[in-house]
Structure formats: structure tokens, C-alpha cells
$ cat start-v9.csv   # CSV, C-alpha atoms and all ligand atoms
chain,number,residue,atom,x,y,z
A,1,MET,CA,-30.9,16.0,2.6
A,2,LYS,CA,-28.3,17.2,0.1
A,3,VAL,CA,-26.4,14.6,-1.9
A,4,SER,CA,-23.4,15.5,-4.1
A,5,ILE,CA,-22.4,12.9,-6.7
A,6,TYR,CA,-19.5,12.7,-9.0
A,7,ARG,CA,-20.8,12.6,-12.6
A,8,TYR,CA,-18.8,11.8,-15.7
A,9,ASN,CA,-19.9,10.4,-19.0
A,10,PRO,CA,-16.9,10.3,-21.3
A,11,GLU,CA,-19.1,10.4,-24.4
A,12,THR,CA,-20.8,13.8,-23.6
A,13,ASP,CA,-18.8,15.4,-20.8
A,14,ARG,CA,-15.5,17.2,-21.3
A,15,GLU,CA,-14.6,16.7,-17.7
A,16,PRO,CA,-16.1,15.2,-14.5
A,17,TYR,CA,-18.3,17.4,-12.3
A,18,MET,CA,-20.2,17.1,-9.0
A,19,GLN,CA,-24.0,17.1,-9.3
A,20,ASP,CA,-26.2,18.1,-6.3
A,21,TYR,CA,-29.5,16.4,-5.6
A,22,GLU,CA,-32.0,17.1,-2.9
A,23,VAL,CA,-33.4,13.8,-1.5
A,24,ASP,CA,-36.2,13.3,1.0
A,25,ILE,CA,-35.3,10.4,3.3
A,26,ALA,CA,-38.1,11.0,5.8
A,27,GLY,CA,-35.6,11.0,8.6
A,28,LYS,CA,-34.8,7.3,8.1
A,29,ASP,CA,-31.3,6.0,8.5
A,30,LEU,CA,-31.1,4.6,5.0
A,31,MET,CA,-28.1,2.9,3.5
A,32,VAL,CA,-26.1,5.0,1.0
A,33,LEU,CA,-27.1,2.6,-1.8
A,34,ASP,CA,-30.8,3.2,-1.0
A,35,VAL,CA,-30.2,7.0,-1.4
A,36,LEU,CA,-28.6,6.4,-4.7
A,37,ALA,CA,-31.6,4.2,-5.8
A,38,LEU,CA,-34.0,7.1,-4.8
A,39,ILE,CA,-31.9,9.4,-7.0
A,40,LYS,CA,-31.8,6.9,-9.9
A,41,ASP,CA,-35.6,6.7,-9.8
A,42,ARG,CA,-35.6,10.3,-10.8
A,43,ASP,CA,-32.5,10.5,-12.9
A,44,SER,CA,-31.9,7.2,-14.7
A,45,SER,CA,-28.7,8.4,-16.2
A,46,LEU,CA,-26.9,8.0,-12.9
A,47,THR,CA,-24.6,5.0,-13.2
A,48,TYR,CA,-23.3,2.7,-10.5
A,49,ARG,CA,-22.8,-1.0,-9.9
A,50,ARG,CA,-24.6,-3.1,-7.3
A,51,SER,CA,-25.9,-6.6,-7.1
A,52,CYS,CA,-26.5,-8.3,-3.8
A,53,ARG,CA,-27.3,-5.1,-1.8
A,54,GLU,CA,-26.1,-6.8,1.4
A,55,GLY,CA,-22.3,-6.7,1.5
A,56,VAL,CA,-21.7,-10.0,-0.2
A,57,CYS,CA,-20.9,-9.4,-3.9
A,58,GLY,CA,-18.4,-6.5,-3.5
A,59,SER,CA,-19.7,-4.6,-6.5
A,60,ASP,CA,-20.7,-1.3,-5.0
A,61,GLY,CA,-17.4,-0.1,-3.5
A,62,MET,CA,-17.2,3.7,-3.7
A,63,ASN,CA,-15.8,6.7,-2.0
A,64,ILE,CA,-18.3,8.0,0.5
A,65,ASN,CA,-17.5,11.4,2.1
A,66,GLY,CA,-13.8,10.6,1.6
A,67,LYS,CA,-13.8,7.0,2.8
A,68,ASN,CA,-14.0,3.9,0.7
A,69,GLY,CA,-16.8,1.5,1.6
A,70,LEU,CA,-19.7,-0.6,0.3
A,71,ALA,CA,-22.7,1.7,-0.3
A,72,CYS,CA,-25.2,-1.1,0.6
A,73,ILE,CA,-23.9,-1.6,4.1
A,74,THR,CA,-23.0,1.9,5.0
A,75,PRO,CA,-25.8,3.6,6.8
A,76,LEU,CA,-26.1,7.4,6.6
A,77,SER,CA,-25.5,7.7,10.4
A,78,GLU,CA,-22.1,6.1,9.9
A,79,VAL,CA,-20.9,8.2,7.0
A,80,ALA,CA,-20.1,11.3,9.1
A,81,PRO,CA,-21.8,13.1,11.9
A,82,GLY,CA,-24.5,15.4,10.6
A,83,VAL,CA,-25.1,13.7,7.3
A,84,LEU,CA,-28.3,11.8,8.5
A,85,GLU,CA,-29.6,15.1,10.1
A,86,GLY,CA,-29.1,16.9,6.8
A,87,LYS,CA,-26.5,19.3,8.3
A,88,LYS,CA,-23.8,18.0,6.0
A,89,PRO,CA,-24.1,16.7,2.4
A,90,LEU,CA,-23.5,13.1,1.5
A,91,VAL,CA,-20.6,13.2,-1.0
A,92,VAL,CA,-20.2,10.1,-3.3
A,93,ARG,CA,-17.3,9.6,-5.7
A,94,PRO,CA,-15.9,6.6,-7.5
A,95,LEU,CA,-13.1,4.5,-6.0
A,96,PRO,CA,-9.9,6.6,-6.3
A,97,GLY,CA,-7.0,5.7,-8.5
A,98,LEU,CA,-8.9,3.6,-11.1
A,99,PRO,CA,-10.0,4.9,-14.5
A,100,VAL,CA,-13.7,6.0,-14.5
A,101,ILE,CA,-15.9,4.3,-17.0
A,102,ARG,CA,-18.9,6.4,-16.1
A,103,ASP,CA,-20.1,8.2,-12.9
A,104,LEU,CA,-19.4,5.7,-10.1
A,105,ALA,CA,-18.4,2.7,-12.2
A,106,VAL,CA,-14.6,2.3,-12.4
A,107,ASP,CA,-12.5,0.1,-14.7
A,108,MET,CA,-11.2,-2.7,-12.3
A,109,THR,CA,-8.7,-4.2,-14.9
A,110,MET,CA,-5.6,-3.1,-13.0
A,111,PHE,CA,-7.0,-4.4,-9.8
A,112,TYR,CA,-7.9,-7.8,-11.3
A,113,ASN,CA,-4.5,-8.0,-13.1
A,114,GLN,CA,-2.8,-7.9,-9.8
A,115,TYR,CA,-5.1,-10.4,-8.3
A,116,GLU,CA,-4.4,-12.8,-11.2
A,117,LYS,CA,-0.6,-12.5,-10.6
A,118,VAL,CA,-0.8,-14.1,-7.2
A,119,LYS,CA,-2.3,-17.3,-8.7
A,120,PRO,CA,-5.3,-17.2,-6.4
A,121,TYR,CA,-6.1,-20.9,-6.5
A,122,LEU,CA,-4.8,-24.0,-4.8
A,123,ILE,CA,-1.7,-25.5,-6.3
A,124,ASN,CA,-1.3,-29.1,-5.4
A,125,GLU,CA,0.3,-31.6,-7.8
A,126,THR,CA,-0.5,-34.8,-5.8
A,127,PRO,CA,-3.4,-36.9,-7.2
A,128,ALA,CA,-6.7,-35.7,-6.0
A,129,PRO,CA,-8.3,-37.9,-3.3
A,130,ALA,CA,-11.7,-39.5,-4.0
A,131,ILE,CA,-13.6,-36.9,-2.0
A,132,GLU,CA,-11.6,-34.0,-0.8
A,133,ARG,CA,-8.3,-32.8,0.5
A,134,LEU,CA,-8.5,-32.9,4.2
A,135,GLN,CA,-7.3,-30.3,6.6
A,136,THR,CA,-7.1,-30.3,10.4
A,137,PRO,CA,-9.3,-27.8,12.2
A,138,GLU,CA,-6.2,-26.0,13.3
A,139,ASP,CA,-4.9,-25.7,9.7
A,140,ARG,CA,-8.3,-24.6,8.5
A,141,ALA,CA,-8.3,-21.9,11.2
A,142,LYS,CA,-5.2,-20.4,9.6
A,143,ILE,CA,-7.1,-19.1,6.6
A,144,ASP,CA,-9.8,-17.4,8.7
A,145,GLY,CA,-9.6,-13.6,8.1
A,146,LEU,CA,-8.2,-14.3,4.6
A,147,TYR,CA,-10.8,-16.3,2.6
A,148,GLU,CA,-13.6,-13.9,3.4
A,149,CYS,CA,-12.4,-11.2,1.0
A,150,ILE,CA,-15.0,-10.2,-1.6
A,151,LEU,CA,-12.6,-8.3,-3.9
A,152,CYS,CA,-14.5,-5.1,-3.6
A,153,ALA,CA,-11.2,-3.1,-4.1
A,154,CYS,CA,-12.0,-0.7,-1.3
A,155,CYS,CA,-8.6,-1.4,0.3
A,156,SER,CA,-6.3,-1.3,-2.8
A,157,THR,CA,-7.9,1.9,-4.1
A,158,SER,CA,-7.4,3.6,-0.7
A,159,CYS,CA,-3.7,2.7,-0.6
A,160,PRO,CA,-1.3,5.4,-1.8
A,161,SER,CA,1.3,2.9,-2.8
A,162,PHE,CA,-1.2,1.3,-5.1
A,163,TRP,CA,-2.2,4.7,-6.5
A,164,TRP,CA,1.4,5.5,-7.5
A,165,ASN,CA,2.4,2.0,-8.8
A,166,PRO,CA,-0.8,0.1,-9.6
A,167,GLU,CA,1.0,-2.1,-12.1
A,168,LYS,CA,4.0,-2.9,-10.0
A,169,PHE,CA,2.7,-3.0,-6.4
A,170,LEU,CA,0.2,-5.9,-6.0
A,171,GLY,CA,-1.9,-3.9,-3.5
A,172,PRO,CA,-3.5,-5.1,-0.2
A,173,ALA,CA,-6.3,-7.2,-1.8
A,174,ALA,CA,-4.0,-9.3,-3.9
A,175,LEU,CA,-1.4,-9.7,-1.2
A,176,LEU,CA,-4.1,-10.8,1.3
A,177,GLN,CA,-5.1,-13.5,-1.3
A,178,SER,CA,-1.5,-14.4,-1.8
A,179,TYR,CA,-1.2,-15.1,1.9
A,180,ARG,CA,-4.5,-16.9,1.9
A,181,PHE,CA,-2.8,-19.6,-0.2
A,182,LEU,CA,0.6,-19.4,1.4
A,183,ALA,CA,-1.1,-20.1,4.7
A,184,ASP,CA,-3.2,-23.0,3.3
A,185,SER,CA,-1.8,-26.4,4.4
A,186,ARG,CA,-3.0,-28.0,1.2
A,187,ASP,CA,-1.1,-25.7,-1.1
A,188,GLN,CA,2.3,-26.8,-2.3
A,189,ALA,CA,3.6,-23.8,-4.2
A,190,THR,CA,4.9,-21.8,-1.2
A,191,THR,CA,8.4,-21.5,-2.7
A,192,GLU,CA,7.3,-20.3,-6.1
A,193,ARG,CA,4.8,-18.0,-4.6
A,194,LEU,CA,7.4,-16.4,-2.3
A,195,GLY,CA,9.8,-16.3,-5.3
A,196,HIS,CA,7.5,-13.9,-7.0
A,197,LEU,CA,7.1,-11.5,-4.1
A,198,ASP,CA,10.6,-10.5,-3.0
A,199,ASP,CA,11.3,-7.8,-5.6
A,200,PRO,CA,11.3,-4.1,-4.5
A,201,PHE,CA,7.7,-3.5,-5.6
A,202,SER,CA,5.3,-6.4,-5.6
A,203,LEU,CA,5.1,-6.6,-1.8
A,204,PHE,CA,7.8,-4.3,-0.4
A,205,ARG,CA,6.1,-1.1,-1.7
A,206,CYS,CA,3.7,-1.5,1.3
A,207,ARG,CA,4.7,1.3,3.7
A,208,GLY,CA,2.4,0.1,6.4
A,209,ILE,CA,0.0,3.1,6.0
A,210,MET,CA,-2.9,0.8,7.0
A,211,ASN,CA,-5.5,2.6,5.0
A,212,CYS,CA,-6.5,-0.8,3.8
A,213,VAL,CA,-7.3,-2.0,7.3
A,214,SER,CA,-9.4,1.0,8.1
A,215,VAL,CA,-11.6,0.7,5.1
A,216,CYS,CA,-12.1,-3.1,4.6
A,217,PRO,CA,-15.9,-3.6,4.9
A,218,LYS,CA,-15.3,-7.2,5.9
A,219,GLY,CA,-13.0,-6.2,8.8
A,220,LEU,CA,-10.0,-8.0,7.3
A,221,ASN,CA,-6.4,-7.0,7.9
A,222,PRO,CA,-4.2,-7.0,4.8
A,223,THR,CA,-1.4,-5.2,6.6
A,224,ARG,CA,-1.1,-8.2,9.0
A,225,ALA,CA,-1.1,-10.6,6.1
A,226,ILE,CA,1.6,-8.6,4.4
A,227,GLY,CA,3.6,-8.8,7.6
A,228,HIS,CA,3.3,-12.5,7.7
A,229,ILE,CA,4.5,-12.8,4.1
A,230,ARG,CA,7.5,-10.6,4.9
A,231,SER,CA,8.4,-12.9,7.8
A,232,MET,CA,8.1,-15.9,5.5
A,233,LEU,CA,10.5,-14.2,3.0
A,234,LEU,CA,12.9,-13.3,5.8
A,235,GLU,CA,12.9,-16.9,7.2
A,236,ARG,CA,13.5,-18.3,3.8
A,237,ALA,CA,16.4,-15.9,3.2
A,238,VAL,CA,18.4,-16.1,6.4
B,239,MET,CA,7.9,-10.3,-10.3
B,240,VAL,CA,9.0,-6.7,-11.0
B,241,THR,CA,12.6,-6.0,-11.8
B,242,SER,CA,14.3,-2.8,-11.0
B,243,VAL,CA,18.0,-2.1,-11.6
B,244,THR,CA,18.2,1.1,-9.7
B,245,SER,CA,17.2,-0.2,-6.3
B,246,LEU,CA,20.0,-0.8,-3.9
B,247,GLY,CA,19.9,-4.6,-3.6
B,248,ARG,CA,17.6,-5.2,-6.6
B,249,ASN,CA,15.6,-7.2,-4.1
B,250,GLY,CA,12.9,-5.9,-1.9
B,251,LEU,CA,13.8,-8.0,1.1
B,252,SER,CA,17.4,-6.9,1.2
B,253,ASP,CA,16.5,-3.2,0.7
B,254,TRP,CA,13.9,-3.5,3.4
B,255,LEU,CA,16.5,-5.2,5.8
B,256,VAL,CA,19.1,-2.6,5.0
B,257,GLN,CA,16.7,0.2,5.8
B,258,ARG,CA,15.6,-1.4,9.1
B,259,VAL,CA,19.1,-2.3,10.3
B,260,SER,CA,20.6,1.1,9.3
B,261,ALA,CA,17.6,2.8,11.1
B,262,TYR,CA,18.4,0.9,14.4
B,263,LEU,CA,22.1,1.7,14.1
B,264,LEU,CA,21.4,5.4,13.5
B,265,ALA,CA,18.9,5.5,16.4
B,266,VAL,CA,21.3,3.9,18.8
B,267,TYR,CA,24.1,6.2,17.7
B,268,ALA,CA,22.0,9.3,18.0
B,269,ILE,CA,20.8,8.3,21.5
B,270,GLY,CA,24.3,7.3,22.6
B,271,LEU,CA,25.8,10.6,21.4
B,272,MET,CA,23.0,12.6,23.0
B,273,ALA,CA,23.6,10.7,26.3
B,274,TYR,CA,27.3,11.4,26.1
B,275,LEU,CA,26.7,15.1,25.6
B,276,LEU,CA,24.2,15.3,28.5
B,277,CYS,CA,26.6,13.5,30.8
B,278,ASN,CA,29.5,15.8,29.9
B,279,PRO,CA,28.3,19.3,30.2
B,280,GLY,CA,30.9,21.9,29.5
B,281,LEU,CA,32.7,19.6,27.1
B,282,GLU,CA,36.1,20.9,26.0
B,283,TYR,CA,37.3,20.7,22.4
B,284,ALA,CA,40.3,18.6,23.4
B,285,ALA,CA,38.0,15.9,24.9
B,286,TRP,CA,35.7,15.9,22.0
B,287,TYR,CA,38.6,15.7,19.6
B,288,ALA,CA,40.1,12.8,21.6
B,289,LEU,CA,36.8,11.0,21.5
B,290,MET,CA,36.3,11.4,17.8
B,291,THR,CA,39.9,10.4,16.8
B,292,SER,CA,39.9,7.3,19.0
B,293,VAL,CA,39.8,4.2,16.8
B,294,PRO,CA,36.5,2.7,18.1
B,295,MET,CA,34.8,6.0,17.5
B,296,GLN,CA,36.3,6.2,14.0
B,297,ILE,CA,35.0,2.8,13.2
B,298,ILE,CA,31.5,3.6,14.6
B,299,ASN,CA,31.4,6.9,12.7
B,300,THR,CA,32.4,5.1,9.5
B,301,LEU,CA,29.5,2.6,10.0
B,302,VAL,CA,27.2,5.5,10.6
B,303,VAL,CA,28.2,7.3,7.4
B,304,PHE,CA,27.5,4.1,5.4
B,305,SER,CA,24.2,3.6,7.2
B,306,ILE,CA,23.1,7.1,6.4
B,307,ALA,CA,24.1,6.6,2.8
B,308,ALA,CA,22.3,3.3,2.4
B,309,HIS,CA,19.2,4.5,4.4
B,310,ALA,CA,19.0,7.7,2.3
B,311,TRP,CA,19.3,5.8,-0.9
B,312,VAL,CA,16.6,3.2,-0.2
B,313,GLY,CA,14.3,6.0,1.1
B,314,LEU,CA,14.9,8.5,-1.7
B,315,TRP,CA,14.7,5.7,-4.3
B,316,THR,CA,11.3,4.8,-3.0
B,317,VAL,CA,10.2,8.5,-3.1
B,318,THR,CA,11.4,8.9,-6.7
B,319,THR,CA,9.7,5.7,-7.9
B,320,ASP,CA,6.5,6.8,-6.1
B,321,TYR,CA,6.3,10.4,-7.2
B,322,LEU,CA,8.4,10.6,-10.4
B,323,ASN,CA,6.6,8.1,-12.4
B,324,GLY,CA,4.0,7.7,-15.1
B,325,PRO,CA,0.8,8.6,-13.3
B,326,GLN,CA,2.5,11.8,-12.1
B,327,LEU,CA,4.6,12.9,-15.0
B,328,GLY,CA,3.5,11.0,-18.0
B,329,ARG,CA,6.0,10.3,-20.7
B,330,SER,CA,8.9,12.2,-19.4
B,331,ALA,CA,8.8,10.3,-16.2
B,332,THR,CA,11.6,7.8,-16.9
B,333,GLY,CA,14.1,10.5,-17.9
B,334,VAL,CA,13.3,12.8,-15.0
B,335,ARG,CA,13.4,9.9,-12.6
B,336,LEU,CA,16.8,8.7,-13.8
B,337,GLY,CA,18.2,12.2,-13.8
B,338,VAL,CA,17.1,12.8,-10.2
B,339,GLN,CA,18.3,9.4,-9.1
B,340,ALA,CA,21.7,10.0,-10.7
B,341,LEU,CA,22.0,13.4,-9.0
B,342,LEU,CA,21.1,11.8,-5.6
B,343,VAL,CA,23.6,9.0,-6.1
B,344,LEU,CA,26.3,11.5,-6.8
B,345,LEU,CA,25.3,13.6,-3.8
B,346,ILE,CA,25.3,10.6,-1.5
B,347,LEU,CA,28.7,9.5,-2.8
B,348,VAL,CA,30.2,12.9,-2.2
B,349,TYR,CA,28.8,12.9,1.3
B,350,VAL,CA,30.3,9.5,2.0
B,351,LEU,CA,33.7,10.4,0.7
B,352,TRP,CA,33.6,13.7,2.6
B,353,GLY,CA,32.6,11.9,5.7
B,354,LEU,CA,35.4,9.4,5.4
B,355,VAL,CA,37.9,12.2,4.9
B,356,MET,CA,36.7,13.9,8.0
B,357,ILE,CA,36.8,10.7,10.1
B,358,TRP,CA,40.1,9.3,9.0
B,359,GLY,CA,41.9,12.3,7.5
B,360,GLY,CA,42.3,14.4,10.6
B,361,ALA,CA,44.3,12.0,12.8
C,401,LIG,S1,-0.7,-1.1,4.9
C,401,LIG,FE1,0.4,-1.4,2.9
C,401,LIG,S2,-1.2,-2.2,1.6
C,401,LIG,FE2,-2.3,-1.3,3.3
C,401,LIG,S3,-2.8,0.7,2.7
C,401,LIG,FE3,-0.9,0.8,3.7
C,401,LIG,S4,0.7,0.7,2.1
C,401,LIG,FE4,-1.2,0.0,1.3
C,402,LIG,S1,-9.6,-7.1,1.7
C,402,LIG,FE1,-11.5,-6.2,2.3
C,402,LIG,S2,-11.5,-4.2,1.3
C,402,LIG,FE2,-9.9,-5.4,0.3
C,402,LIG,S3,-10.9,-6.3,-1.5
C,402,LIG,FE3,-11.1,-7.8,0.2
C,402,LIG,S4,-13.0,-7.3,1.2
C,402,LIG,FE4,-12.6,-5.6,-0.1
C,403,LIG,S1,-24.3,-4.6,-3.6
C,403,LIG,FE1,-23.2,-6.4,-3.2
C,403,LIG,S2,-21.7,-5.7,-1.8
C,403,LIG,FE2,-23.0,-3.9,-2.0
$ encode --input "start-v9.csv" --output "C-alpha cells"
Amino acid sequence: MKVSIYRYNPETDREPYMQDYEVDIAGKDLMVLDVLALIKDRDSSLTYRRSCREGVCGSDGMNINGKNGLACITPLSEVAPGVLEGKKPLVVRPLPGLPVIRDLAVDMTMFYNQYEKVKPYLINETPAPAIERLQTPEDRAKIDGLYECILCACCSTSCPSFWWNPEKFLGPAALLQSYRFLADSRDQATTERLGHLDDPFSLFRCRGIMNCVSVCPKGLNPTRAIGHIRSMLLERAV
Amino acid sequence: MVTSVTSLGRNGLSDWLVQRVSAYLLAVYAIGLMAYLLCNPGLEYAAWYALMTSVPMQIINTLVVFSIAAHAWVGLWTVTTDYLNGPQLGRSATGVRLGVQALLVLLILVYVLWGLVMIWGGA
């Protein structure tokens, strides 16, 4: 099959280019990451991140035939019709919108900065109990669909609002985490958290495009979380 | 917390609310007017004039003009801050954006005044 990969080494290349490889997959429905590994065996200069190779660590987010996803859990048969059969090339690019360090590795600083801004940790000033802060099963259920995020950045880098204002708009991943703590019965900082979200950019730059929902490899729904925060802001204000 | 002095309410929630409320108002108005025109085929100028110069209609039209202005500003402000900014234009972005925004504000103000003159001046 034909594989086309975005290559860029800022030390030697004046500009990025696409490099084509011919790979023999013996008809097997490999994961995209396995195909990259086959190529790396031959061309060790190819650079990408990966660690767990099972959709847990979130390090191999990339743009595969136009859609962001984790290479390790994206089988060729799901990339696009015809890719597995070799009728169409597999096209791999780095996550869009972030500066490229080399080939498929991007600089995630802007993404992490936005994550940091939402204070992604429990804030509770009461003295810690001897064992743990308890939660009813119902309250615990409220953070399902939120805590599972692995910060792969597939969502934020597919969001046009994040592309245009990556320093002002928090982006779907950070907003999902913001709601994760707003929804947590043990967290006491709801008012301060909401106070940081009602400017015209941080949250309200979300236009409901829902690219984030369509790419999340964990099946999470940042748009719904953003909607919940918006309702909280509205309730607080009226 | 991101501050922005050029947004309508300087607060995302109020901008968002203004945009939604004005959208509903405009939708209801458009549908209402359409229904009126459909129910009154062969409408004469005199009847149309009488409708438009009646006080309730003048008030509704005034609300509509303000809704269009507010809705347009929130929307166009969003467009200018999305597409006329650093990633797109580099260093000249702030100047270009402010210039375009000033022009848009001026245009919207002219339309509002013109609209008000049309609504209240003809009676
Ligand atoms: S729904 Fe909002 S956060 Fe998600 S991709 Fe669209 S604009 Fe971005
Ligand atoms: S919400 Fe989904 S796509 Fe976004 S960072 Fe978390 S796991 Fe990745
Ligand atoms: S390598 Fe860990 S998520 Fe793909």
C-alpha cells in the first residue's frame, strides 16, 4: 500500500513536504501506528510520539487522512474506504494548528497552557478526612464521560475556534476538564471557576461546530460539557 | 480570563444572550411579516403604509432595527477576531482589525439612524 507522510526537520528542511512510502502489509488490517513502525524500521529518521500503543497514553494523536485520531487504535479499514485495499493512499500529517517540532511531533505548549488555566485539580479547603473525601454513587456518576480524557489534543486541534485563537479560547479539551471539576461534588471552587469563564473568548468562542465530538478517540462529548457550563453561567447571572 | 474592550457587552455571556434573543426576535418578525404578506395578496400601498405607521408596528420595527444592529455587531466582531488576528495577518493584525471594526461600527450606526428616521420620520 502507498503511505504519504508529512516530513519536516527544521534543521535541514526549508519547508515541509510529503514523502511517499510503499509498505507491504500482507493484506492485514494493521493499526496506523503499526504501519508507521514498519516504515521507521526502514527509515529511522521518521519522527513520531507513541508510548502505550493501546489508546491510553494519548501521545500519538495525529491527522490521518484528514481526521484527527490516535494512530494506535485506528485500523486501516476505518481510515477511509479503499485504504486497506491499497486503492487509496494512507495520508498522515501532524495535528493541525500547533507548531511542528519535527515530522509528526507537535509542540503541545499552547494546548497545555490552556489546560493549566482551568485549574485541573480538586479545590477543597476543608480539612482532609482521615481516608478520603466521600461521594455518593449518584454524584460520582456525574463525572462519567469527563474524567476519561487522556489529553491527546485530537479535539482541540480539530476545532477551528482553537486554530484562530489558541491563546484566548480554552478549547474543547480544557473546557471538558473545567466541567469535570465544576461537576464534582467535592470541589468548592465553582464560583471562582465560573468567574474565569464568562469573558467573550475562554468559553464563548465555541461555535458548536462539534468537530471535537466527532474526533474524540475516547467517545467523549466536549460540546455537551461546554453547554452545561454555559447553563451554569446563565443560572448564576439571571 | 480574557478581556476584550471591543466586544458588545465585554462579557461572553451577555454577548451570547444578546445574539440568541435578537435571533429569536428577528425570526419571529420575519415569519410574522411573511405570514401577513401571504394572507394579504394584492396588498395596496395605502394598507401597507397604514400598517407601518401604526404605533405598535413602529415600536416593533424599532426593536427589529436594534436587534439587527446588535446581532450584526456580535457576529461581525466574532468574525473579525477569528480571521483578522495574529495567526492570519501577523503583526499588522491589531491595526487592521481595529480599522475594520471601526468601519463596521460606523456602518451599523448609520443603518440604525437611517432606520429610525424611516420608522418615525414619515408619520
Ligand atoms: S463544539 Fe466548540 S469546542 Fe467543539 S469543535 Fe466546535 S467550536 Fe470547538
Ligand atoms: S476530550 Fe477526547 S479528544 Fe479531547 S483531549 Fe480528551 S480524549 Fe483527547
Ligand atoms: S500510543 Fe498511547 S494512545 Fe496511542
$ interface_residues --input "start-v9.csv" --of "chain A" --to "chain B" --cutoff "8 Å" --atoms "all atoms listed in the file" --output "PDB file with C-alpha atoms, keeping the file's coordinate frame"
ATOM      1  CA  SER A 161       1.300   2.900  -2.800  1.00  0.00           C
ATOM      2  CA  TRP A 164       1.400   5.500  -7.500  1.00  0.00           C
ATOM      3  CA  ASN A 165       2.400   2.000  -8.800  1.00  0.00           C
ATOM      4  CA  LYS A 168       4.000  -2.900 -10.000  1.00  0.00           C
ATOM      5  CA  HIS A 196       7.500 -13.900  -7.000  1.00  0.00           C
ATOM      6  CA  LEU A 197       7.100 -11.500  -4.100  1.00  0.00           C
ATOM      7  CA  ASP A 198      10.600 -10.500  -3.000  1.00  0.00           C
ATOM      8  CA  ASP A 199      11.300  -7.800  -5.600  1.00  0.00           C
ATOM      9  CA  PRO A 200      11.300  -4.100  -4.500  1.00  0.00           C
ATOM     10  CA  PHE A 201       7.700  -3.500  -5.600  1.00  0.00           C
ATOM     11  CA  SER A 202       5.300  -6.400  -5.600  1.00  0.00           C
ATOM     12  CA  LEU A 203       5.100  -6.600  -1.800  1.00  0.00           C
ATOM     13  CA  PHE A 204       7.800  -4.300  -0.400  1.00  0.00           C
ATOM     14  CA  ARG A 205       6.100  -1.100  -1.700  1.00  0.00           C
ATOM     15  CA  ARG A 230       7.500 -10.600   4.900  1.00  0.00           C
ATOM     16  CA  LEU A 233      10.500 -14.200   3.000  1.00  0.00           C
ATOM     17  CA  LEU A 234      12.900 -13.300   5.800  1.00  0.00           C
TER      18      LEU A 234
END
$ residues_near_ligand --input "start-v9.csv" --ligand "ligand LIG 403 (chain C)" --cutoff "12 Å" --atoms "all atoms listed in the file" --output "PyMOL selection string"
chain A and resi 31-34+36-37+48-62+69-75+149-154+216-218
$ atom_distance --input "start-v9.csv" --atom1 "atom CA of Asn211 of chain A" --atom2 "atom CA of Arg93 of chain A"
17.4 Å
$ closest_residue --input "start-v9.csv" --among "A:Val23, A:Glu15, A:Ile229, A:Arg140" --to "Asp41 of chain A" --atoms "all atoms listed in the file"
A:Val23
$ residues_near_ligand --input "start-v9.csv" --ligand "ligand LIG 401 (chain C)" --cutoff "10 Å" --atoms "all atoms listed in the file" --output "PyMOL selection string"
chain A and resi 155-163+169-176+203-215+221-227
$ decode --input "start-v9.csv" --residues "segment 104-117 of chain A" --atoms "N, CA, C and O atoms" --output "PDB file, in the first residue's frame"
ATOM      1  N   LEU A 104       5.906  14.277  12.690  1.00  0.00           N
ATOM      2  CA  LEU A 104       4.563  14.173  13.262  1.00  0.00           C
ATOM      3  C   LEU A 104       4.496  14.629  14.721  1.00  0.00           C
ATOM      4  O   LEU A 104       3.440  14.546  15.355  1.00  0.00           O
ATOM      5  N   ALA A 105       5.616  15.109  15.249  1.00  0.00           N
ATOM      6  CA  ALA A 105       5.634  15.567  16.648  1.00  0.00           C
ATOM      7  C   ALA A 105       5.372  17.072  16.698  1.00  0.00           C
ATOM      8  O   ALA A 105       6.089  17.851  16.072  1.00  0.00           O
ATOM      9  N   VAL A 106       4.313  17.460  17.421  1.00  0.00           N
ATOM     10  CA  VAL A 106       3.995  18.885  17.527  1.00  0.00           C
ATOM     11  C   VAL A 106       4.304  19.411  18.926  1.00  0.00           C
ATOM     12  O   VAL A 106       4.374  18.651  19.889  1.00  0.00           O
ATOM     13  N   ASP A 107       4.470  20.727  18.999  1.00  0.00           N
ATOM     14  CA  ASP A 107       4.710  21.378  20.283  1.00  0.00           C
ATOM     15  C   ASP A 107       3.358  21.615  20.956  1.00  0.00           C
ATOM     16  O   ASP A 107       2.543  22.404  20.492  1.00  0.00           O
ATOM     17  N   MET A 108       3.124  20.931  22.068  1.00  0.00           N
ATOM     18  CA  MET A 108       1.812  20.974  22.724  1.00  0.00           C
ATOM     19  C   MET A 108       1.696  22.096  23.764  1.00  0.00           C
ATOM     20  O   MET A 108       0.721  22.128  24.522  1.00  0.00           O
ATOM     21  N   THR A 109       2.673  23.006  23.819  1.00  0.00           N
ATOM     22  CA  THR A 109       2.673  24.022  24.877  1.00  0.00           C
ATOM     23  C   THR A 109       1.365  24.807  24.949  1.00  0.00           C
ATOM     24  O   THR A 109       0.785  24.965  26.028  1.00  0.00           O
ATOM     25  N   MET A 110       0.880  25.274  23.780  1.00  0.00           N
ATOM     26  CA  MET A 110      -0.341  26.085  23.800  1.00  0.00           C
ATOM     27  C   MET A 110      -1.509  25.279  24.364  1.00  0.00           C
ATOM     28  O   MET A 110      -2.349  25.796  25.094  1.00  0.00           O
ATOM     29  N   PHE A 111      -1.542  24.015  24.012  1.00  0.00           N
ATOM     30  CA  PHE A 111      -2.610  23.125  24.487  1.00  0.00           C
ATOM     31  C   PHE A 111      -2.531  22.954  26.003  1.00  0.00           C
ATOM     32  O   PHE A 111      -3.519  23.095  26.724  1.00  0.00           O
ATOM     33  N   TYR A 112      -1.338  22.709  26.520  1.00  0.00           N
ATOM     34  CA  TYR A 112      -1.161  22.514  27.975  1.00  0.00           C
ATOM     35  C   TYR A 112      -1.395  23.810  28.751  1.00  0.00           C
ATOM     36  O   TYR A 112      -1.900  23.776  29.871  1.00  0.00           O
ATOM     37  N   ASN A 113      -0.987  24.947  28.147  1.00  0.00           N
ATOM     38  CA  ASN A 113      -1.235  26.222  28.825  1.00  0.00           C
ATOM     39  C   ASN A 113      -2.718  26.419  29.090  1.00  0.00           C
ATOM     40  O   ASN A 113      -3.117  26.874  30.170  1.00  0.00           O
ATOM     41  N   GLN A 114      -3.547  26.073  28.102  1.00  0.00           N
ATOM     42  CA  GLN A 114      -4.981  26.235  28.286  1.00  0.00           C
ATOM     43  C   GLN A 114      -5.508  25.252  29.333  1.00  0.00           C
ATOM     44  O   GLN A 114      -6.387  25.574  30.124  1.00  0.00           O
ATOM     45  N   TYR A 115      -4.936  24.068  29.342  1.00  0.00           N
ATOM     46  CA  TYR A 115      -5.315  23.064  30.340  1.00  0.00           C
ATOM     47  C   TYR A 115      -4.996  23.583  31.746  1.00  0.00           C
ATOM     48  O   TYR A 115      -5.817  23.507  32.665  1.00  0.00           O
ATOM     49  N   GLU A 116      -3.821  24.155  31.889  1.00  0.00           N
ATOM     50  CA  GLU A 116      -3.390  24.675  33.193  1.00  0.00           C
ATOM     51  C   GLU A 116      -4.329  25.768  33.694  1.00  0.00           C
ATOM     52  O   GLU A 116      -4.612  25.857  34.891  1.00  0.00           O
ATOM     53  N   LYS A 117      -4.831  26.583  32.766  1.00  0.00           N
ATOM     54  CA  LYS A 117      -5.675  27.708  33.161  1.00  0.00           C
ATOM     55  C   LYS A 117      -6.956  27.288  33.870  1.00  0.00           C
ATOM     56  O   LYS A 117      -7.498  28.051  34.665  1.00  0.00           O
TER      57      LYS A 117
END
